[in-house]
>>> print(open('model-v9.cif').read())   # mmCIF, C-alpha atoms
data_run
loop_
_atom_site.label_atom_id
_atom_site.label_comp_id
_atom_site.auth_asym_id
_atom_site.auth_seq_id
_atom_site.Cartn_x
_atom_site.Cartn_y
_atom_site.Cartn_z
CA MET A 6 -30.96 -22.22 -31.73
CA SER A 7 -30.12 -20.80 -28.28
CA SER A 8 -29.11 -17.17 -27.96
CA ALA A 9 -25.70 -16.18 -26.61
CA ALA A 10 -25.49 -15.78 -22.86
CA SER A 11 -25.92 -12.25 -21.57
CA PRO A 12 -22.62 -10.69 -20.53
CA ARG A 13 -21.73 -10.40 -16.87
CA ARG A 14 -21.59 -6.77 -15.84
CA ILE A 15 -18.98 -6.26 -13.13
CA TRP A 16 -17.52 -3.33 -11.26
CA LEU A 17 -13.84 -2.65 -11.95
CA CYS A 18 -12.93 -0.18 -9.22
CA ALA A 19 -9.69 1.79 -8.99
CA ASP A 20 -8.91 2.52 -5.36
CA ASP A 21 -7.02 5.51 -3.96
CA TYR A 22 -8.14 8.47 -6.09
CA GLY A 23 -6.72 11.44 -4.17
CA ILE A 24 -3.55 9.77 -2.87
CA SER A 25 -1.34 11.57 -5.43
CA PRO A 26 -1.60 13.53 -8.71
CA GLY A 27 -0.05 10.66 -10.67
CA VAL A 28 -2.59 8.15 -9.42
CA ASN A 29 -5.40 10.59 -10.18
CA ARG A 30 -4.23 11.09 -13.77
CA ALA A 31 -3.95 7.35 -14.40
CA ILE A 32 -7.44 6.68 -13.03
CA ARG A 33 -9.00 9.46 -15.11
CA ASP A 34 -7.22 8.16 -18.21
CA LEU A 35 -8.71 4.68 -17.77
CA ILE A 36 -12.19 6.03 -17.04
CA GLU A 37 -12.08 8.07 -20.25
CA ARG A 38 -10.96 4.96 -22.17
CA GLY A 39 -13.91 2.99 -20.77
CA ARG A 40 -11.55 0.64 -18.91
CA LEU A 41 -12.88 1.42 -15.41
CA ASN A 42 -16.43 1.91 -14.24
CA ALA A 43 -15.77 2.85 -10.60
CA THR A 44 -13.24 4.66 -8.46
CA SER A 45 -13.15 5.43 -4.75
CA VAL A 46 -11.83 8.70 -3.41
CA MET A 47 -9.64 9.33 -0.35
CA MET A 48 -10.89 12.54 1.24
CA VAL A 49 -7.81 12.64 3.51
CA GLY A 50 -5.39 12.14 0.59
CA ALA A 51 -2.70 14.60 -0.46
CA ALA A 52 -4.26 15.29 -3.89
CA ILE A 53 -7.97 15.88 -3.41
CA GLU A 54 -8.25 19.64 -3.77
CA ARG A 55 -11.34 20.88 -5.62
CA SER A 56 -9.65 20.89 -9.03
CA GLU A 57 -8.92 17.15 -8.71
CA ALA A 58 -12.54 16.43 -7.76
CA GLU A 59 -13.78 18.49 -10.69
CA ALA A 60 -11.41 16.72 -13.08
CA LEU A 61 -12.73 13.34 -11.93
CA GLN A 62 -16.33 14.44 -12.42
CA ALA A 63 -15.47 15.63 -15.94
CA SER A 64 -13.89 12.27 -16.79
CA ALA A 65 -16.86 10.37 -15.37
CA LYS A 66 -19.26 12.38 -17.56
CA ALA A 67 -17.64 10.73 -20.57
CA SER A 68 -18.47 7.34 -19.01
CA PRO A 69 -21.95 7.84 -17.53
CA ARG A 70 -22.08 4.46 -15.81
CA CYS A 71 -18.92 5.21 -13.84
CA ALA A 72 -19.60 5.18 -10.10
CA ILE A 73 -17.69 7.44 -7.71
CA GLY A 74 -17.37 6.25 -4.13
CA LEU A 75 -15.72 7.20 -0.85
CA HIS A 76 -12.51 5.34 0.08
CA VAL A 77 -12.74 5.57 3.87
CA THR A 78 -9.19 5.93 5.20
CA LEU A 79 -8.41 5.09 8.84
CA SER A 80 -4.78 3.94 8.74
CA ALA A 81 -1.32 5.56 8.67
CA PRO A 82 0.29 7.62 7.22
CA PHE A 83 -2.97 9.58 6.91
CA ARG A 84 -4.53 11.84 9.52
CA PRO A 85 -8.11 12.08 10.80
CA LEU A 86 -10.53 14.87 9.97
CA THR A 87 -12.09 14.75 13.45
CA MET A 88 -10.27 16.53 16.28
CA HIS A 89 -10.47 14.02 19.10
CA PHE A 90 -10.05 10.77 17.17
CA ARG A 91 -8.47 7.83 19.02
CA PRO A 92 -6.39 5.70 18.81
CA LEU A 93 -3.58 7.58 17.10
CA ASP A 94 0.09 6.95 16.40
CA GLY A 95 1.50 10.42 16.99
CA ASP A 96 -0.82 12.67 14.96
CA MET A 97 -1.62 9.93 12.42
CA PHE A 98 -3.96 6.97 12.29
CA MET A 99 -2.45 3.70 13.49
CA PRO A 100 -0.76 1.40 10.92
CA PHE A 101 -3.34 -1.07 9.67
CA PRO A 102 -1.84 -4.22 11.31
CA LYS A 103 -2.05 -2.52 14.72
CA LEU A 104 -5.59 -1.34 13.99
CA LEU A 105 -6.68 -4.86 13.05
CA ARG A 106 -5.09 -6.33 16.18
CA ALA A 107 -6.74 -3.70 18.39
CA GLY A 108 -10.12 -4.49 16.85
CA LEU A 109 -9.65 -8.22 17.34
CA ALA A 110 -8.74 -7.54 20.98
CA ARG A 111 -11.90 -5.36 21.37
CA ARG A 112 -9.84 -2.29 22.34
CA LEU A 113 -11.53 0.21 19.99
CA ASP A 114 -14.44 2.59 20.50
CA ARG A 115 -16.87 2.46 17.58
CA GLU A 116 -18.00 6.05 18.23
CA PHE A 117 -14.63 7.48 17.19
CA PHE A 118 -14.90 5.56 13.92
CA ARG A 119 -18.53 6.50 13.36
CA ALA A 120 -17.66 10.20 13.77
CA GLU A 121 -14.61 9.99 11.50
CA VAL A 122 -16.45 8.12 8.74
CA LYS A 123 -19.27 10.67 8.92
CA ALA A 124 -16.70 13.48 8.60
CA GLN A 125 -15.17 11.84 5.52
CA LEU A 126 -18.66 11.36 4.05
CA ALA A 127 -19.39 15.07 4.65
CA ALA A 128 -16.09 16.02 2.98
CA PHE A 129 -17.07 13.92 -0.05
CA VAL A 130 -20.46 15.67 -0.29
CA ASP A 131 -18.72 19.04 -0.04
CA ALA A 132 -16.31 18.14 -2.86
CA PHE A 133 -18.73 16.36 -5.21
CA GLY A 134 -22.07 17.97 -4.38
CA ARG A 135 -23.74 14.63 -3.64
CA ALA A 136 -23.40 11.49 -1.56
CA PRO A 137 -21.08 8.72 -2.84
CA ASP A 138 -22.48 5.90 -4.96
CA PHE A 139 -20.71 3.40 -2.71
CA VAL A 140 -18.35 3.33 0.28
CA ASP A 141 -15.31 1.10 0.73
CA GLY A 142 -12.13 1.24 2.80
CA HIS A 143 -8.40 1.77 2.33
CA GLN A 144 -6.54 -1.43 3.31
CA HIS A 145 -9.98 -3.02 3.88
CA VAL A 146 -10.43 -1.16 7.20
CA GLN A 147 -14.22 -1.29 6.86
CA LEU A 148 -14.05 -5.05 7.51
CA TYR A 149 -12.07 -4.90 10.78
CA PRO A 150 -13.81 -5.86 14.04
CA GLN A 151 -15.27 -2.86 15.90
CA VAL A 152 -14.20 -0.52 13.05
CA ARG A 153 -16.98 -2.06 10.94
CA ASP A 154 -19.57 -1.18 13.57
CA GLY A 155 -18.76 2.52 13.41
CA PHE A 156 -18.41 2.36 9.62
CA VAL A 157 -21.81 0.74 9.08
CA ASP A 158 -23.50 3.09 11.56
CA ALA A 159 -22.07 6.14 9.77
CA VAL A 160 -22.99 5.00 6.25
CA ALA A 161 -26.50 3.96 7.32
CA GLU A 162 -27.01 7.40 8.90
CA ALA A 163 -25.36 9.67 6.33
CA ALA A 164 -25.51 7.79 2.98
CA PRO A 165 -28.15 5.04 3.29
CA GLN A 166 -28.57 4.73 -0.49
CA ALA A 167 -24.88 3.91 -0.99
CA TRP A 168 -23.78 0.31 -1.21
CA VAL A 169 -20.73 -0.87 0.70
CA ARG A 170 -17.85 -3.10 -0.34
CA GLN A 171 -17.42 -6.54 1.14
CA GLY A 172 -14.31 -8.58 0.31
CA GLY A 173 -15.57 -12.17 0.25
CA ARG A 174 -15.15 -14.43 -2.78
CA ASN A 175 -17.62 -16.82 -4.43
CA LEU A 176 -15.15 -19.66 -4.93
CA PRO A 177 -14.75 -23.31 -3.89
CA LEU A 178 -12.81 -23.79 -0.65
CA ALA A 179 -9.75 -25.27 -2.38
CA GLN A 180 -9.36 -22.15 -4.52
CA ARG A 181 -9.93 -19.85 -1.55
CA LEU A 182 -7.23 -21.60 0.50
CA ALA A 183 -4.66 -20.85 -2.21
CA SER A 184 -4.47 -17.17 -1.15
CA PRO A 185 -3.99 -16.61 2.60
CA LYS A 186 -4.48 -12.83 2.27
CA ALA A 187 -7.78 -13.28 0.45
CA MET A 188 -8.84 -15.96 2.94
CA VAL A 189 -8.55 -13.42 5.78
CA LEU A 190 -10.77 -11.07 3.77
CA ASP A 191 -13.30 -13.90 3.32
CA ILE A 192 -13.53 -14.43 7.08
CA LEU A 193 -13.77 -10.72 7.95
CA SER A 194 -16.28 -10.16 5.15
CA ALA A 195 -18.72 -12.79 6.38
CA GLN A 196 -19.10 -10.80 9.59
CA PHE A 197 -19.22 -7.50 7.69
CA ARG A 198 -22.03 -8.73 5.41
CA ARG A 199 -24.15 -9.66 8.43
CA ARG A 200 -23.58 -6.23 10.00
CA ALA A 201 -24.26 -4.31 6.76
CA GLY A 202 -27.32 -6.39 5.89
CA GLY A 203 -28.74 -5.82 9.35
CA ALA A 204 -28.43 -2.07 8.77
CA GLY A 205 -30.23 -2.30 5.43
CA LEU A 206 -27.15 -1.57 3.30
CA GLY A 207 -26.55 -3.26 -0.04
CA PHE A 208 -23.18 -4.76 -0.94
CA ASN A 209 -21.40 -6.38 -3.90
CA PRO A 210 -22.19 -10.10 -4.30
CA GLY A 211 -18.62 -11.11 -5.07
CA PHE A 212 -15.11 -9.69 -4.80
CA ALA A 213 -11.67 -10.19 -6.37
CA GLY A 214 -8.45 -8.27 -6.78
CA ALA A 215 -6.36 -9.17 -3.72
CA TYR A 216 -2.84 -10.35 -4.50
CA ASP A 217 0.70 -10.00 -3.15
CA PHE A 218 1.65 -6.52 -4.36
CA THR A 219 5.26 -6.97 -3.19
CA ARG A 220 6.03 -9.66 -5.78
CA ALA A 221 6.31 -9.18 -9.53
CA ALA A 222 3.18 -10.72 -11.00
CA ASP A 223 1.59 -11.17 -14.42
CA PHE A 224 -1.35 -8.84 -13.93
CA GLY A 225 -3.06 -10.08 -17.08
CA GLU A 226 -3.07 -13.65 -15.76
CA LEU A 227 -4.23 -12.41 -12.36
CA MET A 228 -7.11 -10.53 -13.98
CA ARG A 229 -8.18 -13.71 -15.78
CA GLN A 230 -8.24 -15.46 -12.39
CA PHE A 231 -10.17 -12.58 -10.81
CA LEU A 232 -12.89 -12.79 -13.46
CA ASP A 233 -13.21 -16.57 -13.19
CA GLY A 234 -16.37 -17.30 -11.24
CA LEU A 235 -17.08 -13.66 -10.37
CA PRO A 236 -20.88 -13.23 -10.35
CA ASP A 237 -22.84 -10.56 -12.16
CA GLY A 238 -22.48 -7.38 -10.10
CA GLY A 239 -19.23 -8.60 -8.53
CA LEU A 240 -16.33 -6.22 -7.98
CA VAL A 241 -12.65 -6.34 -8.88
CA MET A 242 -10.47 -3.79 -7.10
CA CYS A 243 -7.37 -2.44 -8.81
CA HIS A 244 -4.71 0.19 -8.13
CA PRO A 245 -3.54 1.86 -11.35
CA GLY A 246 -1.34 4.92 -11.12
CA PHE A 247 1.68 6.85 -12.30
CA VAL A 248 4.48 7.04 -9.74
CA ASP A 249 5.34 10.47 -8.34
CA ASP A 250 7.09 11.77 -5.22
CA ILE A 251 3.83 12.20 -3.32
CA LEU A 252 2.84 8.58 -3.93
CA THR A 253 6.28 7.32 -2.93
CA SER A 254 6.07 9.21 0.37
CA HIS A 255 2.59 7.86 1.21
CA ASP A 256 2.38 4.28 -0.02
CA PRO A 257 4.62 1.26 -0.70
CA MET A 258 2.62 0.37 -3.84
CA THR A 259 4.48 2.19 -6.61
CA ASP A 260 5.70 0.42 -9.77
CA VAL A 261 2.91 -2.16 -9.54
CA ARG A 262 0.45 0.67 -10.17
CA GLU A 263 2.10 1.51 -13.49
CA ARG A 264 1.99 -2.16 -14.52
CA GLU A 265 -1.73 -2.29 -13.71
CA HIS A 266 -2.40 0.89 -15.70
CA ALA A 267 -0.46 -0.43 -18.71
CA TYR A 268 -2.43 -3.68 -18.74
CA LEU A 269 -5.85 -2.10 -18.21
CA LYS A 270 -5.41 0.24 -21.19
CA SER A 271 -4.10 -2.57 -23.42
CA ASP A 272 -5.76 -4.50 -26.23
CA ALA A 273 -5.06 -7.65 -24.21
CA PHE A 274 -7.48 -6.51 -21.51
CA ALA A 275 -10.16 -5.70 -24.09
CA ARG A 276 -9.72 -9.21 -25.51
CA LEU A 277 -9.98 -10.75 -22.04
CA LEU A 278 -13.29 -8.99 -21.41
CA ALA A 279 -14.62 -10.25 -24.74
CA ASP A 280 -13.30 -13.80 -24.19
CA THR A 281 -14.90 -14.04 -20.74
CA ASN A 282 -18.17 -12.33 -21.78
CA VAL A 283 -17.70 -9.57 -19.20
CA THR A 284 -18.74 -5.96 -19.63
CA LEU A 285 -18.04 -2.75 -17.74
CA GLY A 286 -20.83 -0.97 -19.65
#
>>> encode(input="model-v9.cif", output="structure tokens")
Amino acid sequence: MSSAASPRRIWLCADDYGISPGVNRAIRDLIERGRLNATSVMMVGAAIERSEAEALQASAKASPRCAIGLHVTLSAPFRPLTMHFRPLDGDMFMPFPKLLRAGLARRLDREFFRAEVKAQLAAFVDAFGRAPDFVDGHQHVQLYPQVRDGFVDAVAEAAPQAWVRQGGRNLPLAQRLASPKAMVLDILSAQFRRRAGGAGLGFNPGFAGAYDFTRAADFGELMRQFLDGLPDGGLVMCHPGFVDDILTSHDPMTDVREREHAYLKSDAFARLLADTNVTLG
């Protein structure tokens, strides 16, 4: 009689720790419940003072396989840590559509991005006392043309043991074509994987979690789709949070974060993991 298949161990990563106190509380709650095993931290966020870093470390101790990464942030409404960073929109980073267009048009200087990513890595080390387990990017900035060159250079120099997030999916073409947003990530990620691999950096073998945040969606059904076909070691990004004034002033993703949190703490999510033979442990 054949034995049951070994469970797939995936990364379920909550982005944006540090963007607001409400998001931070929701992420810590899910880590302590064993419903997340990774989170990435914005070192330029409005809620990343030392007490918030210490609280995250305390929550992660209760879940020893929880990875803590750096959420490199290079888009508005956030501001750079380096003094002479360019290009800017006023005193802020550019909005991400402009940044992507500038990269596609080869109008960016990778050295500004290398220096800024290194500064955010140094801020992470200062806050957490160690290098991040992995490095990803807010609004997928690490995948953008030219930005990715500076990003990869900085991680390879300052945190070579960290793995980096790519956003490509392991799905048949027909399924990939169903989501235009995710298809763009597939294309950008193919180039990112080549660049990261050439620098000796590891990366996740599969990715899921992109959807239209502006439309009301059944997050439970989306999560089932995300897990379908995701390989062992693949990553699902999520954005749980509690809405507060700081979040509302910094990000258009608000109520959707509370819906994600409610689902991820639910019995329905635990059943889905069991039904699909997936583990976060």
>>> closest_atom_pairs(input="model-v9.cif", of="range 233-282 of chain A", to="range 217-223 of chain A", cutoff="12 Å", atoms="all atoms listed in the file", output="tab-separated table")
residue	atom	partner	partner_atom	distance
A:Cys243	CA	A:Phe218	CA	10.9
A:His244	CA	A:Phe218	CA	10.0
A:Asp256	CA	A:Phe218	CA	11.7
A:Pro257	CA	A:Thr219	CA	8.6
A:Met258	CA	A:Phe218	CA	7.0
A:Thr259	CA	A:Phe218	CA	9.4
A:Asp260	CA	A:Ala221	CA	9.6
A:Val261	CA	A:Phe218	CA	6.9
A:Arg262	CA	A:Phe218	CA	9.3
A:Arg264	CA	A:Asp223	CA	9.0
A:Glu265	CA	A:Asp223	CA	9.5
A:Ala267	CA	A:Asp223	CA	11.7
A:Tyr268	CA	A:Asp223	CA	9.5
>>> atom_distance(input="model-v9.cif", atom1="CA of Met47 in chain A", atom2="CA of His76 in chain A")
4.9 Å
>>> resolve_selection(input="model-v9.cif", expression="the PyMOL selection byres ((chain A and resi 242) around 7)", output="ChimeraX atom specification")
/A:17-20,213-214,240-241,243
>>> resolve_selection(input="model-v9.cif", expression="the PyMOL selection byres ((chain A and resi 116-122) around 10)", output="MDAnalysis selection string")
chainID A and resid 75:79 85:92 113:115 123:128 140 147 151:160 162:163
>>> atom_distance(input="model-v9.cif", atom1="CA of Leu61 in chain A", atom2="CA of Gly238 in chain A")
23.0 Å
>>> closest_residue(input="model-v9.cif", among="A:Leu104, A:Leu193, A:Leu93, A:Ile24", to="Val49 in chain A", atoms="only C-alpha atoms")
A:Ile24
>>> resolve_selection(input="model-v9.cif", expression="the PyMOL selection byres ((chain A and resi 39) around 10)", output="list in words")
Arg33, Asp34, Leu35, Ile36, Glu37, Arg38, Arg40, Leu41, Asn42, Ala65, Ala67, Ser68, Pro69, Arg70, Cys71, Leu269, Lys270, Leu285 and Gly286 of chain A
>>> residues_near_point(input="model-v9.cif", point="(-17.1, -15.1, -22.2)", cutoff="12 Å", atoms="all atoms listed in the file", output="list of chain:residue names")
A:Ala9, A:Ala10, A:Ser11, A:Pro12, A:Arg13, A:Arg14, A:Arg229, A:Leu232, A:Asp233, A:Gly234, A:Leu235, A:Ala275, A:Arg276, A:Leu277, A:Leu278, A:Ala279, A:Asp280, A:Thr281, A:Asn282, A:Val283, A:Thr284
>>> residues_near_point(input="model-v9.cif", point="(-17.5, -11.4, 4.9)", cutoff="12 Å", atoms="only C-alpha atoms", output="number ranges by chain")
A: 145, 147-150, 153, 169-175, 187-202, 208-212
>>> closest_residue(input="model-v9.cif", among="A:Pro245, A:Ala273, A:Ala215, A:Ile32", to="Phe231 in chain A", atoms="only C-alpha atoms")
A:Ala215
>>> atom_distance(input="model-v9.cif", atom1="CA of Arg135 in chain A", atom2="CA of Ala52 in chain A")
19.5 Å
>>> closest_residue(input="model-v9.cif", among="A:Ser80, A:Asn29, A:Ser271, A:Gln166", to="Val46 in chain A", atoms="all atoms listed in the file")
A:Asn29
>>> closest_residue(input="model-v9.cif", among="A:Ala167, A:Met99, A:Leu105, A:Ile73", to="Phe133 in chain A", atoms="only C-alpha atoms")
A:Ile73
>>> closest_residue(input="model-v9.cif", among="A:Phe139, A:Phe98, A:Tyr22, A:Phe83", to="Gly246 in chain A", atoms="all atoms listed in the file")
A:Tyr22
